[in-house]
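Student: I'd like to ask some things about the structure below.
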Amino acid sequence: MSELKKRSVTRGQLGAIVGAVAASLLVTAFLGWSITCPCDFTPGGLLFGDRAGEEVADWSFANDVSLCQIQVGGLLPYSVNLNCMATSSGGLYLSCSVCDTKRWAGVVVGNDRARMRLDGTVYPVTATRVMDPDELDRAWVARVAKLQVYSTPVNPAPPVGTPRPNHWWSFRVVSR
């Protein structure tokens, strides 16, 4: 009988060890994924980088990087690469087409707190969906201007003067 008790305790200990190893592997995999992604079309997790020391009022420098990265969500962070553009007055916008099919946009609509990484620096921000047509047009003009410099085969620049498509969304980004 005492031999059976020893064996069942050993199985319990083995189960605990296997569980701890599995949890460690999952955490390591998540951190590795977070360090390397978002990349291209693969989303990432946590955004690492230097934390901005102060709030940003003029985001004009965002036009010096091809893409921004946004992290949304709470317990399980989710981050993606996306277009960001600053207007001539320094206001920052994120954009996407057919946003109602994109996870990050749905999360932002429900919770506007996010983190954004530009050129290795992480900024705490709020992102609010823009509904005003005039403001959407200003963000669209800023996007078209930026893409004249940062056009890619996957993200081609529309010709200057192209009207904003109806399926295009924009989010106003404010530093917090």
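Residue names in the structure tokens use chain letters A, B, ... in the order shown, residue numbers from 1 in each chain, and ligand numbers from 1 in the order shown.
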Can you build me a table of region 86-157 of chain A residues sitting at most 7 Å from region 59-66 of chain A, with the closest atom pair per residue and its distance in Å to one decimal, using only C-alpha atoms, sorted by chain and residue number, as JSON lines?

Tutor:
```
{"residue": "A:Ala86", "atom": "CA", "partner": "A:Ser60", "partner_atom": "CA", "distance": 5.2}
{"residue": "A:Gly90", "atom": "CA", "partner": "A:Trp59", "partner_atom": "CA", "distance": 4.9}
{"residue": "A:Gly91", "atom": "CA", "partner": "A:Trp59", "partner_atom": "CA", "distance": 6.0}
{"residue": "A:Leu92", "atom": "CA", "partner": "A:Trp59", "partner_atom": "CA", "distance": 5.8}
{"residue": "A:Leu118", "atom": "CA", "partner": "A:Ala62", "partner_atom": "CA", "distance": 6.9}
{"residue": "A:Asp119", "atom": "CA", "partner": "A:Val65", "partner_atom": "CA", "distance": 6.8}
{"residue": "A:Lys146", "atom": "CA", "partner": "A:Asn63", "partner_atom": "CA", "distance": 6.3}
{"residue": "A:Tyr150", "atom": "CA", "partner": "A:Ser66", "partner_atom": "CA", "distance": 5.6}
```

Student: So which residues touch region 72-78 of chain A within 9 Å, counting only C-alpha atoms, skipping near sequence neighbours fewer than 4 positions away, as a PyMOL selection string?

Tutor: chain A and resi 38+43-47+103-105+107-108+111-116

Student: Hey, which of A:Ala142, A:Ala127, A:Val109, A:Leu94 ends up closest to Gly161 (chain A)? Count only C-alpha atoms.

Tutor: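 Result for the nearest residue to Gly161 (chain A): A:Ala142.
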
Student: Enumerate the residues of chain A with a DSSP assignment of strand (DSSP E or B), computed from the backbone, and present them as a PyMOL selection string.

Tutor: chain A and resi 39+42+44+50-51+68-72+78-86+92-97+113-118+121-129+168-175

Student: Determine, counting only C-alpha atoms, which protein, DNA and RNA residues have an atom within 6 Å of an atom of Tyr93 (chain A); residues of the same chain fewer than 6 positions away are not included. Present the result as a ChimeraX atom specification.

Tutor: /A:84-85,171-173

Student: Would you kindly return, as a PyMOL selection string, each protein, DNA or RNA residue with an atom no farther than 8 Å from any atom of Ser175 (chain A), considering only C-alpha atoms and excluding same-chain residues fewer than 4 positions away?

Tutor: chain A and resi 55-57+123-126

Student: For the residues in the current selection, export C-alpha atoms as a PDB file, in the first residue's frame.

Tutor:
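Output saved as result-v2.pdb:
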```
ATOM      1  CA  GLU A  55       3.092  63.414 -23.850  1.00  0.00           C
ATOM      2  CA  VAL A  56       3.317  64.304 -27.532  1.00  0.00           C
ATOM      3  CA  ALA A  57       1.438  67.296 -28.939  1.00  0.00           C
ATOM      4  CA  TYR A 123       3.777  55.834 -26.497  1.00  0.00           C
ATOM      5  CA  PRO A 124       0.686  55.375 -24.327  1.00  0.00           C
ATOM      6  CA  VAL A 125      -2.226  56.734 -26.374  1.00  0.00           C
ATOM      7  CA  THR A 126      -5.954  56.845 -26.799  1.00  0.00           C
TER       8      THR A 126
END
```

Student: Could you please determine the separation between CA of Arg176 (chain A) and CA of Asp50 (chain A) in Å, to one decimal place?

Tutor: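 According to the coordinates, CA of Arg176 (chain A) and CA of Asp50 (chain A) are separated by 15.7 Å.
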
Student: Check the smallest atom-to-atom distance from each of A:Thr42, A:Thr101, A:Ser151, A:Ser95 to Val80 (chain A) using only C-alpha atoms, then report the winner.

Tutor: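 The answer is A:Thr42, which sits nearest to Val80 (chain A).
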
Student: Taking only C-alpha atoms into account, which of A:Leu136, A:Cys99, A:Ala52, A:Val160 comes nearest Thr121 (chain A)?

Tutor: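 Looking at the shortest contact to Thr121 (chain A), the residue is A:Ala52.
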
Student: Distance CA of Trp168 (chain A)-CA of Leu147 (chain A), one decimal place?

Tutor: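 One can read the CA of Trp168 (chain A) to CA of Leu147 (chain A) distance as 15.1 Å.
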
Student: When you draw a straight line from CA of Asn83 (chain A) to CA of Gln69 (chain A), how long is it in Å?

Tutor: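 Separation of CA of Asn83 (chain A) and CA of Gln69 (chain A): 8.5 Å.
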